[in-house]
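Visitor: Below is a structure I'd like to ask you about.
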Amino acid sequence: MTKFTLTPSLTRSRLVAVLALSSPLAAPLSYALTVNIPVTAPSNASTVTGSLFSLSIEQDRWLDWAQASNSSSRNEFFFNTLDNLIQITGEGPQIRIGADSEDHTDFNENIEGTELVFPDPTTTVPYPEATTIVVGDEYYEAVRFLPSGTHVIWGVNFGTDNLTAAVLEAQAIKRAFDSDAVKDAGVVLDFVEIGNEADLYGGNGHREKGFNISEYVQQWTDFAQNVSVAAGINSTSDVKFWGGAFAESSHSGSGFSPQGMFSNGILNSSEGKLIGTVSQHHYSGSFRPGDSGLLQDLMTKSTIRSNLTMFLPDISAVRSQGLDYVLGETNSYAGHGAPGVSNVAGAALWVLDYALFAKSGLGAARVFFHEGVGYKYNLIQPITLTRSTINASDLPEPLPPHVQPPYYAAIIAAEAIGNTGDAQVVELNVDNERVAGYGFFVGGTIVRAVFINSEAFLSTEEGERGSVHVDLEFGGESGPTSMDIKRLTIGHADDVSGLKWGGVSFETEDARPSGEQMVETVDVSSGFDIVDTEVVLLSFQ
Ligand SMILES: *[C@@H]1O[C@H](CO)[C@@H](O)[C@H](O)[C@H]1NC(C)=O
Ligand SMILES: *[C@@H]1O[C@H](CO)[C@@H](O)[C@H](O)[C@H]1NC(C)=O
Ligand SMILES: *[C@@H]1O[C@H](CO)[C@@H](O)[C@H](O)[C@H]1NC(C)=O
Ligand SMILES: *[C@@H]1O[C@H](CO)[C@@H](O)[C@H](O)[C@H]1NC(C)=O
Ligand SMILES: *[C@@H]1O[C@H](CO)[C@@H](O)[C@H](O)[C@H]1NC(C)=O
Ligand SMILES: *[C@@H]1O[C@H](CO)[C@@H](O)[C@H](O)[C@H]1NC(C)=O
Ligand SMILES: *[C@@H]1O[C@H](CO)[C@@H](O)[C@H](O)[C@H]1NC(C)=O
Ligand SMILES: *[C@@H]1O[C@H](CO)[C@@H](O)[C@H](O)[C@H]1NC(C)=O
Ligand SMILES: *[C@@H]1O[C@H](CO)[C@@H](O)[C@H](O)[C@H]1NC(C)=O
């Protein structure tokens with residue numbers, strides 16, 4: 001197995017050591033790289049806030065996330081996972097409640113909580129979305145259990161083409177957020193989304209085959225006319241619409257894409273003028289049983305970039321209209337994730353590189369990682385599970401709420417961003433196909449850097465673990481002289497647990513960190529080593 005391709009640029013780097021050549025298949029090589037870090041933020045650095053990592057929650061089981069099973073208090077475990085991040089950055093993830101089940105939801109004021117009908121679980125989909133979801137006021141009022149200061153985006157049903165249902169939901173959303181309980185909780189509604197992935201409606205039975213962007217714009221505008229009144233959205237209100245939320249993008253004016261919405265005149269209507277943000281969904285692929293090699297593919301630097309740079313024309317079209325652009329629903333592999341890929345340690349490195357590149361390379365305002373109870377790609381499993389998320393078999397013992405490896409990525413990003421509110425990020429030029437780096441600036445000055453070595457070190461590998469030595473330069477200027485190093489320690493890329501962030505685990509009963517913090521302090525001039533499947537955070541003094 002080739003660990004690195006020696007590109008001409010790489011050979012320019014110093015080759016410091018060639019260890020243990022006895023195993024020709026897996027000779028571990030140590031390389032040295034020199035990375036230049038700007039001391040002051042370049043003009044194209046992106047402002048990055050603590051809510052870069054946000055969450056999209058499958059709407060059917062929203063109450064399982066929000067509240068305890070007795071419905072009279074919050075889900076303490078989920079609350080703690082959010083509060084951990086708030087304690088680091090001062091700002092929690094924004095929460096979008098929607099997705100596929102958004103287009104199957106109906107409102108009935110006589111219902112307490114929710115009435116759900118689920119299809120049978122299958123090996124591939126152990127935790128399917130409910131096909132029927134009927135909700136009452138209590139469902140929306142449960143937002144009061146989120147941490148104070150949380151911003152919320154809620155989706156209403158456009159799929160069943162029943163305006164009455166959408167209006168009843170929008171009214172219930174407004175009632176909930178206008179209530180004293182939610183106001184006292186400090187939880188704020190930012191946006192309402194009308195429908196999920198309407199570009200798929202022509203194929204999934206929500207509309208006639210051939211449903212096109214011009215019909216979409218017409219129907220969306222008709223719905224928005226009533227939904228805006230019901231939800232209290234107008235030109236002076238703080239609440240606005242999320243537009244789009246398409247599964248794919250045609251990147252063209254004639255298909256489903258931001259460009260297609262604009263060229264069909266969505267922004268010319270008074271309703272369209274209430275769109276504040278355009279949302280795009282994206283998955284790196286769809287899991288099919290039998291697929292293999294997906295973990296390294298997912299982690300690979302170049303595929304992360306090609307999965308995101310395809311949206312550059314879209315984001316530029318959106319921003320030229322003065323609107324924000326978000327990845328409003330995203331995660332690794334569609335269909336709730338790939339087993340042994342989306343739920344393992346390597347996925348934490350993917351999540352981190354993906355979110356930081358979406359910000360620094362694309363200019364996305366936020367990235368909403370999609371979550372559902374029992375989904376493989378979750379950062380967080382908010383309730384006790386009795387069925388395997390991998391194959392739907394009954395678990396020998398109930399599995400209590402827990403965080404999954406990708407949760408560590410949110411913690412690391414939070415620490416890199418910090419709590420000053422004025423952080424900026426740029427991707428660093430790292431001349432290596434496996435190592436990615438990002439510089440973080442506060443007050444325009446470099447304060448931290450994150451490096452990710454995305455070479456998958458798998459439990460099936462017999463050779464020694466590869467390692468890269470990184471030396472730092474500061475563009476000829478006198479940079480910082482001392483730095484603290486924190487590492488995300490991972491046994492193997494395919495481990496499902498046992499990660500440690502600077503010696504600390506979040507895999508605890510209450511999601512609160514546990515363990516003694518381990519930080520190395522070194523001279524910047526010594527550089528640092530980063531092994532395969534590792535993340536390093538440098539804090540400069
Ligand atoms: C509801 O459940 C939570 C968590 O289990 C518990 O702390 C709380 O006391 C319960 N409330 C009532 C009224 O039973
Ligand atoms: C939508 O708004 C129009 C105009 O105000 C109104 O006549 C109609 O009854 C509303 N429809 C629903 C379902 O609320
Ligand atoms: C539309 O939704 C309303 C409110 O839930 C419901 O009463 C009505 O039966 C629905 N209409 C259709 C055609 O399903
Ligand atoms: C969209 O569909 C409608 C109704 O079938 C049709 O009249 C219209 O020409 C189509 N528009 C485009 C751009 O394909
Ligand atoms: C706009 O919406 C806000 C908040 O829902 C409301 O207070 C205000 O009266 C509305 N303005 C108009 C012109 O309808
Ligand atoms: C929307 O308005 C703009 C600016 O007024 C105009 O150039 C454009 O032709 C309009 N688009 C449609 C589809 O009506
Ligand atoms: C997206 O990433 C996956 C690996 O996760 C890769 O197979 C796929 O080709 C990438 N897609 C694009 C458009 O780059
Ligand atoms: C930012 O500018 C630097 C230096 O000009 C360049 O290398 C880098 O590619 C730019 N990054 C982006 C995301 O435009
Ligand atoms: C199903 O997955 C669990 C892990 O969640 C594993 O322990 C078990 O062996 C698997 N069962 C089958 C039949 O593959």
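In the structure tokens, each chain is lettered A, B, ... as it comes, each chain's residues begin at 1, and ligands are numbered from 1 in order of appearance.
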Go through the chains and note each residue within 6 Å of ligand 9, using only C-alpha atoms and all ligand atoms, then give the set as number ranges by chain.
Guide: A: 388, 390-391, 393
Visitor: Within 10 Å of stretch 358-365 of chain A, counting only C-alpha atoms, which residues show up once you throw out same-chain ones fewer than 2 positions away? Write them as a PyMOL selection string, please.
Guide: chain A and resi 44-49+51-53+277+279-280+304-305+307-313+315-316+319+324-328+352-356+367+424-428+438-439
Visitor: Might you pull out every residue within 8 Å of A:Val239, with only C-alpha atoms counted and same-chain residues fewer than 2 positions away left off, and present them as a list in words?
Guide: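 What passes the distance filter is Leu189, Asp190, Phe191, Val192, Gly232, Ile233, Asn234, Ser237 and Phe241 of chain A.
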Visitor: Using only C-alpha atoms, which residues sit within 10 Å of A:Arg61 once same-chain residues fewer than 6 positions away are excluded, as number ranges by chain?
Guide: A: 97, 101, 114, 116, 129-130, 133, 139, 372-373
Visitor: Save the residues we just selected, C-alpha atoms, as a short mmCIF file (atom, residue, chain, number, x, y, z; two decimals), in the first residue's frame?
Guide:
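Final output, saved to again18.cif:
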```cif
data_model
loop_
_atom_site.label_atom_id
_atom_site.label_comp_id
_atom_site.auth_asym_id
_atom_site.auth_seq_id
_atom_site.Cartn_x
_atom_site.Cartn_y
_atom_site.Cartn_z
CA ILE A 97 -35.56 20.92 12.81
CA SER A 101 -40.04 13.96 7.89
CA THR A 114 -46.40 13.50 18.69
CA LEU A 116 -45.66 8.63 14.92
CA GLU A 129 -38.00 8.01 9.54
CA ALA A 130 -41.63 7.96 10.57
CA ILE A 133 -46.08 12.44 12.00
CA TYR A 139 -44.02 19.53 20.12
CA GLY A 372 -31.57 11.42 13.68
CA VAL A 373 -32.11 9.00 16.54
#
```
Visitor: Write as a list in words the residues around ligand 2, taking 10 Å as the cut-off and counting only C-alpha atoms and all ligand atoms.
Guide: Asn162, Leu163, Thr164, Ala165, Ala166, Val167, Leu168, Asp222, Phe223, Ala224, Gln225, Asn226, Val227, Ser228, Val229 and Ala230 of chain A
Visitor: Can you build me a table of chain A residues sitting at most 8 Å from ligand 6, with the closest atom pair per residue and its distance in Å to one decimal, using only C-alpha atoms and all ligand atoms, sorted by chain and residue number, as CSV?
Guide:
```
residue,atom,partner,partner_atom_place_in_ligand_line,distance
A:Phe262,CA,ligand 6,13 (C),7.3
A:Ser263,CA,ligand 6,13 (C),5.4
A:Asn264,CA,ligand 6,13 (C),4.4
A:Gly265,CA,ligand 6,13 (C),3.6
A:Ile266,CA,ligand 6,13 (C),7.4
A:Leu267,CA,ligand 6,1 (C),6.9
A:Asn268,CA,ligand 6,1 (C),4.8
```
Visitor: Hey, can you spit out that residue selection with N, CA and C atoms as a compact mmCIF listing (two decimals), in the first residue's frame?
Guide:
```txt
# COMPACT_ATOMS: atom_id res chain seq x y z
N PHE A 262 -33.44 32.08 -8.68
CA PHE A 262 -33.32 33.51 -8.98
C PHE A 262 -33.78 33.80 -10.41
N SER A 263 -33.37 32.96 -11.38
CA SER A 263 -33.72 33.29 -12.76
C SER A 263 -35.21 33.08 -13.01
N ASN A 264 -35.86 32.30 -12.13
CA ASN A 264 -37.31 32.18 -12.24
C ASN A 264 -38.04 33.21 -11.39
N GLY A 265 -37.28 34.17 -10.89
CA GLY A 265 -37.92 35.35 -10.30
C GLY A 265 -38.35 35.22 -8.86
N ILE A 266 -37.80 34.24 -8.13
CA ILE A 266 -38.29 34.08 -6.75
C ILE A 266 -38.07 35.35 -5.93
N LEU A 267 -36.96 36.05 -6.19
CA LEU A 267 -36.66 37.23 -5.36
C LEU A 267 -37.46 38.46 -5.80
N ASN A 268 -38.18 38.34 -6.92
CA ASN A 268 -38.97 39.48 -7.36
C ASN A 268 -40.31 39.58 -6.63
```
Visitor: For ligand 3, which residue among A:Gly98, A:Pro38, A:Gly159, A:Gly421 is the nearest when counting only C-alpha atoms and all ligand atoms?
Guide: A:Gly159
Visitor: List every residue of chain A that has an atom at most 8 Å from any atom of ligand 4, giving for each one its closest atom pair and the distance in Å to one decimal, counting only C-alpha atoms and all ligand atoms, sorted by chain and then by ascending residue number, as a tab-separated table.
Guide:
```
residue	atom	partner	partner_atom_place_in_ligand_line	distance
A:Gly210	CA	ligand 4	2 (O)	6.9
A:Phe211	CA	ligand 4	2 (O)	6.2
A:Asn212	CA	ligand 4	1 (C)	4.9
A:Ile213	CA	ligand 4	13 (C)	6.9
A:Ser214	CA	ligand 4	1 (C)	5.7
A:Glu215	CA	ligand 4	1 (C)	5.7
A:Ser254	CA	ligand 4	13 (C)	6.2
A:Gly255	CA	ligand 4	13 (C)	7.8
```
Visitor: Got time to write the residues from that selection, C-alpha atoms, as a short mmCIF file (atom, residue, chain, number, x, y, z; two decimals), in the first residue's frame?
Guide:
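To be explicit, this is the file written out as out.cif:
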```cif
data_model
loop_
_atom_site.label_atom_id
_atom_site.label_comp_id
_atom_site.auth_asym_id
_atom_site.auth_seq_id
_atom_site.Cartn_x
_atom_site.Cartn_y
_atom_site.Cartn_z
CA GLY A 210 -41.12 16.33 -14.20
CA PHE A 211 -41.85 18.87 -11.45
CA ASN A 212 -39.58 21.74 -12.42
CA ILE A 213 -38.00 24.85 -10.97
CA SER A 214 -40.51 27.29 -12.45
CA GLU A 215 -43.42 25.33 -10.95
CA SER A 254 -32.83 26.24 -15.68
CA GLY A 255 -32.75 23.58 -12.96
#
```
Visitor: Measuring between only C-alpha atoms and all ligand atoms, which one of A:Asp422, A:Asp510, A:Asp532, A:Gly205 shows the shortest distance to ligand 1?
Guide: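 Smallest distance to ligand 1 is found for A:Asp510.
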Visitor: Which residues in stretch 68-288 of chain A does DSSP call strand (DSSP E or B)? List them as a PyMOL selection string.
Guide: chain A and resi 74+95-98+105-107+114-117+132-135+151-156+188-194+240-246+275-286
Visitor: Excluding same-chain residues fewer than 4 positions from A:Leu85, what lies within 9 Å of it counting only C-alpha atoms, as JSON, numbers by chain?
Guide: {"A": [50, 80, 81, 89, 90, 91, 92, 93, 410, 411, 414, 415]}
Visitor: Let me see the file: selected residues, all heavy atoms, as a compact mmCIF listing (two decimals), in the first residue's frame.
Guide:
```txt
# COMPACT_ATOMS: atom_id res chain seq x y z
N GLY A 50 -18.70 30.60 16.67
CA GLY A 50 -18.87 29.34 17.38
C GLY A 50 -19.98 28.45 16.85
O GLY A 50 -20.02 27.27 17.16
N ASN A 80 -26.33 18.86 27.59
CA ASN A 80 -24.91 18.93 27.96
C ASN A 80 -24.00 18.94 26.73
O ASN A 80 -22.98 19.63 26.72
CB ASN A 80 -24.53 17.75 28.87
CG ASN A 80 -25.15 17.88 30.25
OD1 ASN A 80 -25.69 18.93 30.61
ND2 ASN A 80 -25.08 16.82 31.04
N THR A 81 -24.35 18.18 25.71
CA THR A 81 -23.50 18.16 24.50
C THR A 81 -23.44 19.55 23.87
O THR A 81 -22.40 19.95 23.35
CB THR A 81 -24.00 17.16 23.45
OG1 THR A 81 -25.32 17.52 23.03
CG2 THR A 81 -23.97 15.72 23.95
N THR A 89 -17.00 28.30 23.31
CA THR A 89 -17.05 29.39 22.32
C THR A 89 -18.01 30.50 22.69
O THR A 89 -18.05 31.53 22.00
CB THR A 89 -17.51 28.90 20.93
OG1 THR A 89 -18.83 28.40 21.09
CG2 THR A 89 -16.62 27.82 20.39
N GLY A 90 -18.83 30.28 23.70
CA GLY A 90 -19.83 31.28 24.05
C GLY A 90 -21.03 31.26 23.12
O GLY A 90 -21.95 32.06 23.27
N GLU A 91 -21.03 30.35 22.16
CA GLU A 91 -22.13 30.30 21.19
C GLU A 91 -22.39 28.84 20.83
O GLU A 91 -21.45 28.12 20.50
CB GLU A 91 -21.71 31.08 19.93
CG GLU A 91 -22.82 31.26 18.94
CD GLU A 91 -22.36 31.93 17.65
OE1 GLU A 91 -21.23 32.45 17.60
OE2 GLU A 91 -23.14 31.88 16.69
N GLY A 92 -23.65 28.43 20.91
CA GLY A 92 -23.95 27.03 20.64
C GLY A 92 -24.30 26.78 19.19
O GLY A 92 -24.46 27.72 18.41
N PRO A 93 -24.42 25.51 18.81
CA PRO A 93 -24.87 25.18 17.47
C PRO A 93 -26.26 25.76 17.22
O PRO A 93 -27.09 25.80 18.13
CB PRO A 93 -24.96 23.65 17.48
CG PRO A 93 -24.10 23.20 18.61
CD PRO A 93 -24.15 24.30 19.62
N ALA A 410 -16.44 18.81 16.67
CA ALA A 410 -17.11 20.06 17.07
C ALA A 410 -16.38 20.71 18.23
O ALA A 410 -16.24 21.93 18.30
CB ALA A 410 -18.57 19.76 17.44
N ILE A 411 -15.90 19.89 19.16
CA ILE A 411 -15.14 20.41 20.31
C ILE A 411 -13.84 21.06 19.84
O ILE A 411 -13.48 22.17 20.27
CB ILE A 411 -14.84 19.27 21.31
CG1 ILE A 411 -16.13 18.73 21.92
CG2 ILE A 411 -13.84 19.73 22.37
CD1 ILE A 411 -16.76 19.61 22.98
N ALA A 414 -14.46 24.29 18.13
CA ALA A 414 -14.84 25.30 19.13
C ALA A 414 -13.60 25.87 19.80
O ALA A 414 -13.48 27.09 19.98
CB ALA A 414 -15.78 24.68 20.16
N GLU A 415 -12.66 25.01 20.16
CA GLU A 415 -11.44 25.51 20.81
C GLU A 415 -10.60 26.33 19.85
O GLU A 415 -9.99 27.33 20.24
CB GLU A 415 -10.62 24.33 21.37
CG GLU A 415 -11.31 23.72 22.58
CD GLU A 415 -10.45 22.70 23.33
OE1 GLU A 415 -9.21 22.68 23.16
OE2 GLU A 415 -11.05 21.91 24.08
```
Visitor: How close does each residue of chain A get to ligand 1, giving the shortest atom pair and distance in Å to one decimal for every residue with an atom at most 12 Å away, counting only C-alpha atoms and all ligand atoms, sorted by chain and residue number, as CSV?
Guide:
```
residue,atom,partner,partner_atom_place_in_ligand_line,distance
A:Ala66,CA,ligand 1,4 (C),11.8
A:Gln67,CA,ligand 1,2 (O),8.6
A:Ala68,CA,ligand 1,2 (O),5.3
A:Ser69,CA,ligand 1,2 (O),6.5
A:Asn70,CA,ligand 1,1 (C),4.8
A:Ser71,CA,ligand 1,1 (C),6.6
A:Ser72,CA,ligand 1,11 (N),5.5
A:Ser73,CA,ligand 1,1 (C),5.4
A:Arg74,CA,ligand 1,3 (C),7.3
A:Asn75,CA,ligand 1,4 (C),7.1
A:Glu76,CA,ligand 1,4 (C),7.2
A:Phe77,CA,ligand 1,4 (C),9.7
A:Phe78,CA,ligand 1,4 (C),11.9
A:Phe79,CA,ligand 1,4 (C),11.9
A:Ile383,CA,ligand 1,5 (O),11.4
A:Asp510,CA,ligand 1,4 (C),11.8
```
